[in-house]
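See below for coords.txt, which holds compact mmCIF, C-alpha atoms and all ligand atoms.
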# COMPACT_ATOMS: atom_id res chain seq x y z
CA MET D 1 79.99 17.12 78.39
CA THR D 2 82.06 16.18 75.36
CA THR D 3 81.64 12.51 74.41
CA ARG D 4 84.07 10.14 72.73
CA GLN D 5 81.84 10.37 69.66
CA ASP D 6 82.23 14.17 69.66
CA CYS D 7 86.01 13.71 69.76
CA LEU D 8 85.95 11.39 66.77
CA ALA D 9 83.89 14.00 64.91
CA LEU D 10 86.39 16.71 65.83
CA ASP D 11 89.22 14.56 64.47
CA ALA D 12 87.30 13.91 61.25
CA ALA D 13 86.88 17.66 60.76
CA ASP D 14 90.45 18.57 61.76
CA ARG D 15 92.39 19.93 58.79
CA LEU D 16 95.67 19.37 60.66
CA ALA D 17 94.90 15.65 61.11
CA PRO D 18 97.00 14.49 58.10
CA LEU D 19 100.14 15.83 59.81
CA ARG D 20 100.02 12.84 62.18
CA GLU D 21 101.17 10.75 59.22
CA LEU D 22 104.53 12.54 59.39
CA PHE D 23 105.35 10.63 62.58
CA GLU D 24 106.04 7.10 63.72
CA ILE D 25 103.81 6.70 66.73
CA PRO D 26 103.84 3.25 68.34
CA GLU D 27 100.56 1.42 67.87
CA GLY D 28 98.11 2.01 70.69
CA LEU D 29 100.29 4.56 72.47
CA ILE D 30 98.87 7.88 73.61
CA TYR D 31 101.90 10.07 73.87
CA LEU D 32 101.40 13.21 75.94
CA ASP D 33 105.07 13.98 76.53
CA GLY D 34 106.10 15.79 73.35
CA ASN D 35 106.96 18.71 75.62
CA SER D 36 109.82 16.61 76.97
CA LEU D 37 110.83 14.53 73.95
CA GLY D 38 108.99 14.89 70.65
CA VAL D 39 108.14 11.71 68.72
CA LEU D 40 110.17 10.35 65.83
CA PRO D 41 109.38 11.92 62.45
CA ARG D 42 109.00 9.31 59.71
CA ALA D 43 111.60 11.09 57.59
CA THR D 44 114.32 10.97 60.24
CA PRO D 45 115.61 7.35 60.05
CA ALA D 46 116.13 7.50 56.28
CA ARG D 47 117.75 10.92 56.49
CA VAL D 48 120.10 9.86 59.28
CA GLN D 49 120.90 6.69 57.34
CA GLN D 50 121.74 8.80 54.28
CA VAL D 51 123.96 11.13 56.28
CA VAL D 52 125.79 8.18 57.81
CA ARG D 53 126.00 5.85 54.80
CA GLU D 54 126.41 8.26 51.91
CA GLU D 55 127.58 11.60 53.20
CA TRP D 56 129.90 10.25 55.86
CA GLY D 57 130.55 6.66 54.75
CA ARG D 58 131.04 7.26 51.05
CA ASP D 59 131.87 10.92 50.55
CA LEU D 60 133.72 11.46 53.80
CA ILE D 61 135.29 14.86 54.36
CA GLN D 62 134.08 16.30 51.07
CA SER D 63 130.61 16.35 52.56
CA TRP D 64 131.43 19.47 54.54
CA ASN D 65 131.10 21.19 51.18
CA THR D 66 129.16 18.85 48.90
CA ALA D 67 126.46 17.92 51.41
CA GLY D 68 126.37 21.38 52.96
CA TRP D 69 127.33 20.20 56.45
CA ILE D 70 129.08 23.48 57.16
CA ASP D 71 125.85 25.40 56.50
CA LEU D 72 123.65 23.25 58.75
CA PRO D 73 123.63 25.54 61.82
CA ARG D 74 122.49 28.46 59.68
CA ARG D 75 120.16 26.48 57.44
CA VAL D 76 118.34 24.89 60.35
CA GLY D 77 118.46 28.24 62.17
CA ASP D 78 116.68 29.93 59.25
CA LYS D 79 113.92 27.32 59.42
CA ILE D 80 113.49 27.79 63.17
CA ALA D 81 113.43 31.57 62.64
CA ARG D 82 110.14 31.16 60.76
CA LEU D 83 108.56 29.68 63.89
CA ILE D 84 109.67 32.35 66.35
CA GLY D 85 109.20 35.65 64.50
CA ALA D 86 112.85 36.15 63.59
CA ASP D 87 114.28 36.91 60.16
CA ALA D 88 116.49 34.64 58.10
CA GLY D 89 120.11 34.98 59.22
CA GLU D 90 119.17 35.78 62.82
CA VAL D 91 119.11 32.27 64.34
CA VAL D 92 121.65 29.46 64.52
CA ALA D 93 121.18 25.90 65.73
CA ALA D 94 124.03 24.92 68.04
CA ASP D 95 125.04 23.39 71.34
CA SER D 96 122.47 22.89 74.11
CA THR D 97 119.90 25.24 75.59
CA SER D 98 122.02 25.52 78.73
CA VAL D 99 125.15 26.49 76.79
CA ASN D 100 123.30 28.95 74.57
CA LEU D 101 121.75 30.55 77.61
CA TYR D 102 125.23 31.11 79.03
CA LYS D 103 126.25 32.82 75.79
CA VAL D 104 123.31 35.23 75.60
CA LEU D 105 123.17 35.96 79.30
CA THR D 106 126.85 36.84 79.23
CA ALA D 107 126.34 39.03 76.16
CA ALA D 108 123.45 40.81 77.89
CA SER D 109 125.55 41.35 80.99
CA HIS D 110 128.38 42.82 78.91
CA ILE D 111 126.02 45.27 77.28
CA THR D 112 124.69 46.36 80.66
CA ARG D 113 128.14 46.69 82.18
CA GLN D 114 129.06 49.05 79.39
CA ASP D 115 125.82 51.05 79.16
CA GLN D 116 124.48 51.01 82.73
CA PRO D 117 127.20 49.78 85.10
CA THR D 118 125.15 50.30 88.28
CA ARG D 119 122.76 47.52 87.32
CA ARG D 120 123.99 44.21 88.72
CA VAL D 121 120.97 41.98 89.18
CA ILE D 122 119.55 39.16 87.07
CA VAL D 123 115.88 38.49 87.77
CA SER D 124 114.24 35.15 87.07
CA GLU D 125 111.39 32.99 88.26
CA ARG D 126 111.88 30.68 91.21
CA SER D 127 110.00 27.98 89.31
CA ASN D 128 112.07 28.40 86.14
CA PHE D 129 113.70 25.23 84.82
CA PRO D 130 116.68 24.60 87.13
CA THR D 131 119.40 24.62 84.48
CA ASP D 132 118.42 28.19 83.58
CA LEU D 133 118.81 29.21 87.22
CA TYR D 134 122.11 27.36 87.62
CA ILE D 135 123.57 29.04 84.55
CA ALA D 136 122.42 32.46 85.78
CA GLU D 137 123.76 31.76 89.27
CA SER D 138 127.11 30.75 87.86
CA LEU D 139 127.37 33.91 85.77
CA ALA D 140 126.24 36.09 88.68
CA ARG D 141 129.02 34.59 90.84
CA GLU D 142 131.58 35.25 88.14
CA LEU D 143 130.52 38.90 87.84
CA GLY D 144 129.84 39.56 91.51
CA TRP D 145 126.19 40.11 90.59
CA THR D 146 123.00 38.85 92.25
CA LEU D 147 120.42 36.42 90.94
CA ARG D 148 117.03 37.44 92.32
CA LEU D 149 114.22 34.89 92.18
CA ILE D 150 110.59 35.91 92.06
CA GLU D 151 107.15 34.41 91.48
CA ALA D 152 105.49 34.56 88.06
CA ASP D 153 103.10 37.36 89.02
CA GLU D 154 105.80 39.56 90.53
CA VAL D 155 107.64 40.43 87.32
CA GLU D 156 106.62 44.06 86.98
CA ALA D 157 107.23 44.81 90.65
CA ALA D 158 110.66 43.19 90.42
CA LEU D 159 111.88 45.58 87.71
CA THR D 160 113.75 47.88 90.08
CA PRO D 161 116.55 50.25 88.94
CA ASP D 162 119.28 47.71 89.82
CA VAL D 163 118.01 45.07 87.36
CA ALA D 164 120.29 44.39 84.42
CA VAL D 165 118.62 41.38 82.84
CA LEU D 166 115.21 39.78 83.11
CA MET D 167 115.56 36.11 82.17
CA LEU D 168 112.29 34.25 81.76
CA THR D 169 111.09 31.04 80.25
CA HIS D 170 108.11 32.00 78.09
CA VAL D 171 106.07 28.90 79.01
CA ASN D 172 106.77 27.48 82.47
CA TYR D 173 107.91 23.85 82.32
CA ARG D 174 105.86 22.85 85.35
CA THR D 175 102.63 24.82 85.27
CA GLY D 176 102.40 25.59 81.56
CA ARG D 177 101.80 29.23 82.44
CA MET D 178 102.73 31.53 79.57
CA HIS D 179 104.05 35.06 79.94
CA GLU D 180 102.76 37.77 77.64
CA MET D 181 106.02 38.28 75.81
CA ALA D 182 105.36 41.69 74.26
CA ALA D 183 103.92 43.26 77.42
CA VAL D 184 106.65 41.89 79.69
CA THR D 185 109.39 42.95 77.28
CA ARG D 186 107.91 46.43 77.07
CA ALA D 187 107.79 46.73 80.86
CA ALA D 188 111.38 45.52 81.20
CA HIS D 189 112.65 47.97 78.59
CA ALA D 190 110.71 50.81 80.22
CA ALA D 191 112.50 49.90 83.45
CA GLY D 192 115.88 49.88 81.67
CA ALA D 193 116.49 46.09 81.68
CA LEU D 194 117.29 43.68 78.85
CA VAL D 195 115.18 40.56 78.36
CA VAL D 196 116.33 37.01 77.62
CA TRP D 197 113.57 34.57 76.67
CA ASP D 198 113.87 30.81 76.90
CA LEU D 199 111.55 29.31 74.28
CA ALA D 200 112.08 25.65 75.27
CA HIS D 201 108.33 25.05 75.68
CA SER D 202 107.28 27.59 73.04
CA ALA D 203 109.09 26.91 69.77
CA GLY D 204 106.79 24.76 67.66
CA ALA D 205 104.11 24.87 70.38
CA VAL D 206 102.80 28.42 70.49
CA PRO D 207 103.17 31.38 68.13
CA VAL D 208 106.19 33.49 69.06
CA ASP D 209 107.07 36.84 67.52
CA LEU D 210 110.44 37.93 68.89
CA ARG D 211 110.75 40.88 66.53
CA ALA D 212 107.26 42.21 67.22
CA ALA D 213 107.90 41.85 70.96
CA ASP D 214 111.24 43.67 70.47
CA ALA D 215 112.97 41.04 72.62
CA ASP D 216 116.72 41.18 73.15
CA PHE D 217 117.90 37.56 73.20
CA ALA D 218 116.32 34.11 72.99
CA VAL D 219 117.30 30.46 73.22
CA GLY D 220 115.28 27.30 72.77
CA CYS D 221 115.30 23.55 72.66
CA GLY D 222 115.42 21.18 69.68
CA TYR D 223 114.13 17.94 71.18
CA LYS D 224 110.76 19.04 72.58
CA TYR D 225 108.10 20.43 70.23
CA LEU D 226 110.64 20.61 67.38
CA ASN D 227 110.94 16.80 67.37
CA GLY D 228 114.70 16.85 66.80
CA GLY D 229 115.49 13.70 68.79
CA PRO D 230 117.09 13.09 72.19
CA GLY D 231 119.76 15.68 72.93
CA ALA D 232 119.13 17.51 69.64
CA PRO D 233 121.03 20.77 69.17
CA ALA D 234 119.34 23.88 70.57
CA PHE D 235 119.05 27.34 68.98
CA VAL D 236 119.99 30.91 69.76
CA TRP D 237 118.78 34.32 68.61
CA ALA D 238 120.11 37.80 69.30
CA HIS D 239 118.34 40.94 68.16
CA PRO D 240 120.45 42.41 65.33
CA ARG D 241 120.95 45.57 67.40
CA HIS D 242 122.94 43.47 69.87
CA ALA D 243 124.40 40.68 67.74
CA ASP D 244 127.54 42.52 66.68
CA ARG D 245 128.27 44.32 69.92
CA PHE D 246 130.19 41.67 71.79
CA TRP D 247 132.05 38.47 71.44
CA GLN D 248 129.99 35.85 73.08
CA PRO D 249 132.07 34.18 75.82
CA LEU D 250 132.62 30.86 74.04
CA ALA D 251 134.50 32.32 71.10
CA GLY D 252 135.30 29.27 68.99
CA TRP D 253 136.52 28.81 65.46
CA MET D 254 133.06 28.20 63.98
CA GLY D 255 132.07 31.67 65.16
CA HIS D 256 135.12 33.23 63.49
CA ALA D 257 134.64 35.47 60.46
CA ALA D 258 136.83 33.11 58.40
CA PRO D 259 137.41 29.80 60.20
CA PHE D 260 139.47 28.35 57.40
CA ARG D 261 142.00 31.15 57.40
CA PHE D 262 143.25 29.57 60.67
CA THR D 263 144.50 32.85 62.07
CA PRO D 264 145.82 32.90 65.66
CA ASP D 265 143.63 35.85 66.56
CA TYR D 266 139.87 35.81 66.85
CA GLU D 267 137.74 37.94 64.60
CA PRO D 268 134.05 37.33 65.27
CA ALA D 269 131.75 36.64 62.34
CA PRO D 270 129.15 39.35 61.80
CA GLY D 271 125.70 38.75 63.28
CA ILE D 272 124.43 35.58 64.89
CA ALA D 273 127.12 33.36 63.31
CA ARG D 274 129.51 34.44 66.08
CA TYR D 275 127.27 32.54 68.51
CA LEU D 276 128.57 29.30 67.05
CA CYS D 277 131.43 27.74 68.95
CA GLY D 278 132.79 24.39 67.71
CA THR D 279 132.09 21.88 64.96
CA PRO D 280 128.37 21.18 64.49
CA ALA D 281 127.01 17.73 65.43
CA VAL D 282 126.13 16.86 61.84
CA ILE D 283 124.11 13.70 62.43
CA ALA D 284 122.09 15.23 65.25
CA MET D 285 121.63 18.45 63.29
CA SER D 286 120.30 16.47 60.30
CA ALA D 287 117.76 14.78 62.56
CA LEU D 288 116.81 18.16 64.00
CA GLU D 289 116.17 19.47 60.49
CA CYS D 290 113.68 16.64 59.89
CA GLY D 291 111.96 17.55 63.14
CA VAL D 292 111.71 21.25 62.31
CA ASP D 293 110.36 20.31 58.89
CA THR D 294 107.40 18.54 60.56
CA VAL D 295 106.38 21.83 62.15
CA LEU D 296 106.94 23.77 58.94
CA ALA D 297 104.71 21.22 57.19
CA ALA D 298 101.80 22.95 58.95
CA GLU D 299 102.50 26.21 57.09
CA PRO D 300 100.15 25.49 54.14
CA LEU D 301 97.47 24.48 56.68
CA GLY D 302 97.58 27.69 58.68
CA GLY D 303 100.95 27.34 60.38
CA MET D 304 101.54 28.16 64.02
CA ALA D 305 98.20 29.99 64.29
CA ALA D 306 96.32 26.83 63.29
CA LEU D 307 98.49 24.68 65.55
CA ARG D 308 97.81 27.05 68.42
CA GLU D 309 94.08 26.90 67.84
CA LYS D 310 94.15 23.11 68.00
CA SER D 311 96.49 23.12 70.98
CA ILE D 312 94.08 25.32 72.93
CA ALA D 313 91.20 23.05 71.98
CA LEU D 314 93.12 19.95 73.13
CA THR D 315 94.31 21.40 76.43
CA SER D 316 90.90 22.90 77.20
CA LEU D 317 89.23 19.58 76.46
CA PHE D 318 91.65 17.70 78.71
CA ALA D 319 91.11 20.09 81.63
CA GLU D 320 87.33 19.98 81.14
CA LEU D 321 87.20 16.18 81.01
CA VAL D 322 89.51 15.72 84.01
CA GLU D 323 87.38 18.05 86.12
CA ALA D 324 84.13 16.46 85.01
CA ARG D 325 85.14 12.80 85.08
CA CYS D 326 87.72 12.64 87.88
CA ALA D 327 85.75 14.74 90.37
CA GLY D 328 86.18 13.47 93.91
CA HIS D 329 89.61 11.95 93.28
CA GLY D 330 91.61 14.88 94.58
CA LEU D 331 93.08 15.97 91.26
CA THR D 332 93.44 19.71 90.65
CA VAL D 333 94.20 21.42 87.34
CA VAL D 334 97.01 23.87 88.09
CA SER D 335 97.66 25.22 84.60
CA PRO D 336 95.97 28.54 83.86
CA ARG D 337 92.39 28.08 82.65
CA GLU D 338 92.57 31.14 80.44
CA PRO D 339 94.04 29.92 77.12
CA ARG D 340 95.91 33.21 76.61
CA LEU D 341 98.03 32.39 79.65
CA ARG D 342 98.63 28.71 78.90
CA GLY D 343 101.16 26.95 76.71
CA SER D 344 100.50 23.55 75.16
CA GLN D 345 100.44 21.51 78.36
CA VAL D 346 98.15 20.84 81.30
CA CYS D 347 99.42 20.00 84.77
CA LEU D 348 97.54 18.37 87.57
CA THR D 349 98.38 18.08 91.23
CA ARG D 350 97.26 15.68 93.91
CA ALA D 351 98.23 15.74 97.57
CA GLU D 352 99.44 12.15 97.30
CA GLY D 353 100.46 9.70 94.61
CA ALA D 354 101.33 11.97 91.67
CA TYR D 355 104.33 9.85 90.68
CA ALA D 356 102.46 6.53 90.99
CA ILE D 357 99.46 7.78 89.02
CA VAL D 358 101.76 8.76 86.15
CA GLN D 359 103.41 5.31 86.30
CA ALA D 360 100.03 3.54 86.31
CA LEU D 361 99.01 5.57 83.25
CA ILE D 362 102.25 4.67 81.47
CA ALA D 363 101.51 0.99 82.14
CA ARG D 364 98.21 1.64 80.35
CA ARG D 365 100.07 3.18 77.40
CA VAL D 366 99.26 6.79 78.24
CA VAL D 367 102.57 8.62 78.57
CA GLY D 368 102.79 11.83 80.57
CA ASP D 369 105.44 12.67 83.12
CA PHE D 370 106.00 13.61 86.72
CA ARG D 371 107.85 16.61 88.10
CA ALA D 372 108.77 16.60 91.77
CA GLY D 373 107.81 19.54 93.91
CA ASP D 374 109.54 20.92 96.99
CA VAL D 375 108.44 22.76 100.11
CA GLN D 376 106.97 25.59 98.05
CA THR D 377 105.58 23.78 95.01
CA PRO D 378 103.50 20.62 94.78
CA ASP D 379 104.38 17.47 92.85
CA ILE D 380 102.78 17.57 89.43
CA LEU D 381 101.46 15.22 86.77
CA ARG D 382 102.33 16.83 83.45
CA PHE D 383 100.64 16.25 80.10
CA GLY D 384 101.86 17.87 76.88
CA PHE D 385 99.63 18.14 73.82
CA THR D 386 101.39 18.35 70.49
CA PRO D 387 98.80 19.45 67.94
CA LEU D 388 100.86 17.96 65.08
CA TYR D 389 100.05 14.42 66.16
CA THR D 390 97.67 14.39 69.12
CA ARG D 391 94.05 13.62 68.30
CA TYR D 392 90.94 14.69 70.19
CA VAL D 393 90.12 11.03 70.75
CA ASP D 394 93.55 10.58 72.38
CA VAL D 395 92.55 13.22 74.92
CA TRP D 396 89.30 11.40 75.62
CA ASP D 397 90.99 8.01 75.91
CA ALA D 398 93.75 9.37 78.15
CA VAL D 399 91.19 10.76 80.57
CA GLU D 400 89.29 7.46 80.45
CA GLN D 401 92.48 5.67 81.57
CA LEU D 402 93.00 8.26 84.31
CA VAL D 403 89.44 7.67 85.51
CA GLN D 404 90.13 3.92 85.66
CA VAL D 405 93.44 4.37 87.50
CA MET D 406 91.70 6.53 90.11
CA GLU D 407 88.53 4.50 90.48
CA SER D 408 90.35 1.18 90.78
CA GLY D 409 92.96 2.61 93.14
CA GLN D 410 95.48 0.77 90.97
CA TRP D 411 98.07 3.50 91.46
CA ARG D 412 98.49 2.31 95.05
CA GLU D 413 100.24 -0.87 93.85
CA ALA D 414 103.86 -1.00 95.00
CA ARG D 415 105.22 -1.42 91.46
CA PHE D 416 104.07 2.10 90.54
CA HIS D 417 106.05 3.64 93.38
CA GLN D 418 109.54 2.56 92.25
CA ARG D 419 111.42 5.66 91.15
CA ALA D 420 113.64 5.47 88.08
CA THR D 421 116.51 7.91 87.50
CA VAL D 422 114.65 9.92 84.86
CA THR D 423 111.09 10.82 85.81
C1 LIG D 501 114.15 21.47 78.43
C2 LIG D 501 114.68 22.76 78.97
C3 LIG D 501 116.04 23.01 79.00
C4 LIG D 501 117.01 21.94 78.57
O1 LIG D 501 118.31 22.35 78.58
P1 LIG D 501 119.45 21.36 78.03
O2 LIG D 501 120.63 22.20 77.98
O3 LIG D 501 118.97 20.86 76.69
O4 LIG D 501 119.54 20.21 78.96
C5 LIG D 501 116.48 24.23 79.46
N1 LIG D 501 115.61 25.18 79.87
C6 LIG D 501 114.28 24.96 79.85
C7 LIG D 501 113.35 26.03 80.32
C8 LIG D 501 113.77 23.74 79.42
O5 LIG D 501 112.47 23.52 79.42

Could the structure of this file be written out as structure tokens, please?
Ligand SMILES: *Cc1c(COP(=O)(O)O)cnc(C)c1O
Amino acid sequence: MTTRQDCLALDAADRLAPLRELFEIPEGLIYLDGNSLGVLPRATPARVQQVVREEWGRDLIQSWNTAGWIDLPRRVGDKIARLIGADAGEVVAADSTSVNLYKVLTAASHITRQDQPTRRVIVSERSNFPTDLYIAESLARELGWTLRLIEADEVEAALTPDVAVLMLTHVNYRTGRMHEMAAVTRAAHAAGALVVWDLAHSAGAVPVDLRAADADFAVGCGYKYLNGGPGAPAFVWAHPRHADRFWQPLAGWMGHAAPFRFTPDYEPAPGIARYLCGTPAVIAMSALECGVDTVLAAEPLGGMAALREKSIALTSLFAELVEARCAGHGLTVVSPREPRLRGSQVCLTRAEGAYAIVQALIARRVVGDFRAGDVQTPDILRFGFTPLYTRYVDVWDAVEQLVQVMESGQWREARFHQRATVT
């Protein structure tokens, strides 16, 4: 079994290790929740201060031009494009993941209604992140369509001739299971459906190649592995073959071909720029840029491929240590064991006490999170591993704390069972 000494040796040999210096990580904290909120990049406070003090405070409205505020959605979009296999000019940063999903899902439905009007079903996974399902349900109601929910292993069988759009999250937020994007997209296209990918748990975490997969639309999140800060703007991509076909439903002035002509009629900008709606959140977008830059900083060290290699090593190590050291405590690893099918997180289940165990770990400065189950899915303890700043020794120490929480039975204490609003 891997020892703590082995982990220290792995860290010493890790060529990505210097990237940890790009972040402000509280002393003594083992943060395994970068899949929910990435940590603060060191560059962000100074950059935000500069935007506020100089660009806003001193230069005021001129900064739309002189500081390039107006270009931020495209500039940050171009940087994100490098992480997801899109070309420059194909991605914009804007709005939230939920809002962007509404835009692309509506665009996909318009295309289908024009090209193949008998198709009136959106297929997604029952265990998809709820906001994705709510957005799809809302659109389906509006169109008189059906949202059909399936299990992760039923995708190919679900591609019946009535399916208009397959909407999947690439890496499942609960289990960490990852779909094979190219194969699934190929199967959907062969069955005549369009594919919308949600990259919330993929961008900055696993290599993504939207163009090679020939995907149709994608959205993703700025505050998880992109380290953009709480509520950071999200991003949106449309394959160029689709981008110009329709107005997206939230036609706003920032998506107009010439916003500052102030014409009463809408003329959509060419390409992805029409997916913008209103004025960009400049301060938040500046923080997001710092976050994206931390991921791009890995490019000279092997980029997403090197990050993926370390991510697999970290998640495999965690699963191995939990199974070896917590045996007999009722914990089960539910994330796929095969690295090819796993994102950058590992989830555990336990028949009882999942919430309290997570709370007891947090009290010991090991931060993961809890996701409630329902009648069909168990409660889970979720641990995200961000290869930019997580060390091998952090994995070892986190499991050591888990061992202590289980062996001492400390999680049974009443204080660990109080539920806060955000879990
Ligand atoms: C995190 C996440 C979101 C978040 O959506 P918001 O609009 O930012 O609240 C959406 N979808 C998935 C799959 C996520 O993991």

**Message:** Which residues are near ligand LIG 501 (chain D) - at most 10 Å, using all atoms listed in the file? Format: as a ChimeraX atom specification.
**Reply:** /D:35-37,95-101,127-133,135,168-174,197-202,219-224,230-234

**Item:** Separation of CA of Leu296 (chain D) from CA of Ala273 (chain D), in Å and rounded to one decimal
**Value:** 22.8 Å

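Distances from D:Arg15, D:Arg364, D:Arg241, D:His189 to Gly303 (chain D) were compared using only C-alpha atoms, and the smallest one belongs to D:Arg15.
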
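With all atoms listed in the file as the basis for measurement, D:Glu407 is the residue among D:Glu338, D:Glu407, D:Glu320, D:Glu21 that approaches Ile357 (chain D) most closely.
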
**Nearby residues (only C-alpha atoms) at most 10 Å from Leu388 (chain D), same-chain spacing under 5 positions excluded, as a PyMOL selection string** = chain D and resi 16-23+204-205+225+294-295+297-298+307+310-311

**Request:** Up to 6 Å from (97.8, 20.4, 83.6) in the file's coordinates: name the residues, counting only C-alpha atoms, as a list in words.
**Result:**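 Those residues lying close to the given coordinates are Val333, Val334, Ser335, Gln345, Val346, Cys347, Leu348 and Arg382 of chain D.
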
**Item:** Length of the CA of Trp247 (chain D) to CA of Gly271 (chain D) vector [Å]
**Value:**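 One can read the CA of Trp247 (chain D) to CA of Gly271 (chain D) distance as 10.3 Å.
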
**Request:** Excluding Ala43 (chain D) and any residue of its chain fewer than 2 positions from it, enumerate the residues within 12 Å of it, using only C-alpha atoms, and give them as a PyMOL selection string.
**Result:** chain D and resi 21-24+39-41+45-50+227-228+286-294

Write the residues of the selection above to a file with C-alpha atoms, as a tab-separated table (two decimals), in the coordinates of the input.
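This is the output file out_3.tsv:
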chain	number	residue	atom	x	y	z
D	21	GLU	CA	101.17	10.75	59.22
D	22	LEU	CA	104.53	12.54	59.39
D	23	PHE	CA	105.35	10.63	62.58
D	24	GLU	CA	106.04	7.10	63.72
D	39	VAL	CA	108.14	11.71	68.72
D	40	LEU	CA	110.17	10.35	65.83
D	41	PRO	CA	109.38	11.92	62.45
D	45	PRO	CA	115.61	7.35	60.05
D	46	ALA	CA	116.13	7.50	56.28
D	47	ARG	CA	117.75	10.92	56.49
D	48	VAL	CA	120.10	9.86	59.28
D	49	GLN	CA	120.90	6.69	57.34
D	50	GLN	CA	121.74	8.80	54.28
D	227	ASN	CA	110.94	16.80	67.37
D	228	GLY	CA	114.70	16.85	66.80
D	286	SER	CA	120.30	16.47	60.30
D	287	ALA	CA	117.76	14.78	62.56
D	288	LEU	CA	116.81	18.16	64.00
D	289	GLU	CA	116.17	19.47	60.49
D	290	CYS	CA	113.68	16.64	59.89
D	291	GLY	CA	111.96	17.55	63.14
D	292	VAL	CA	111.71	21.25	62.31
D	293	ASP	CA	110.36	20.31	58.89
D	294	THR	CA	107.40	18.54	60.56

**Request:** Work out how far apart CA of Val92 (chain D) and CA of Met178 (chain D) are and give it in Å to one decimal.
**Result:**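 Spanning CA of Val92 (chain D) to CA of Met178 (chain D) is a straight-line distance of 24.3 Å.
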
**Option closest in space to Arg42 (chain D), from D:Asp14, D:Val393, D:Trp237, D:Gly229 [counting only C-alpha atoms]** =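 For Arg42 (chain D), the nearest of the given residues is D:Gly229.
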
**Asked** Of the residues D:Ala190, D:Ala414, D:Ala398, D:Ala257, which is the one nearest to Ile30 (chain D), using only C-alpha atoms?
**Response**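 Checking each of D:Ala190, D:Ala414, D:Ala398, D:Ala257 against Ile30 (chain D), counting only C-alpha atoms, the winner is D:Ala398.
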
**Request:** Return the single residue from D:Arg337, D:Val366, D:Ala94, D:Ala306 that is closest to Gly28 (chain D), with distances computed using all atoms listed in the file.
**Result:**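 Ranked by minimum distance to Gly28 (chain D), first place goes to D:Val366.
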
**Fill in**
One residue among D:Met285, D:Thr263, D:Asp115, D:Trp145 is nearest to Val76 (chain D) when using all atoms listed in the file, and that residue is D:Met285

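Protein and nucleic acid residues near (99.5, 4.3, 94.8) are D:Glu352, D:Gly353, D:Ala354, D:Tyr355, D:Ala356, D:Ile357, D:Ala360, D:Gly409, D:Gln410, D:Trp411, D:Arg412, D:Glu413, D:Ala414, D:Arg415, D:Phe416, D:His417, the criterion being any atom at most 9 Å away using all atoms listed in the file.
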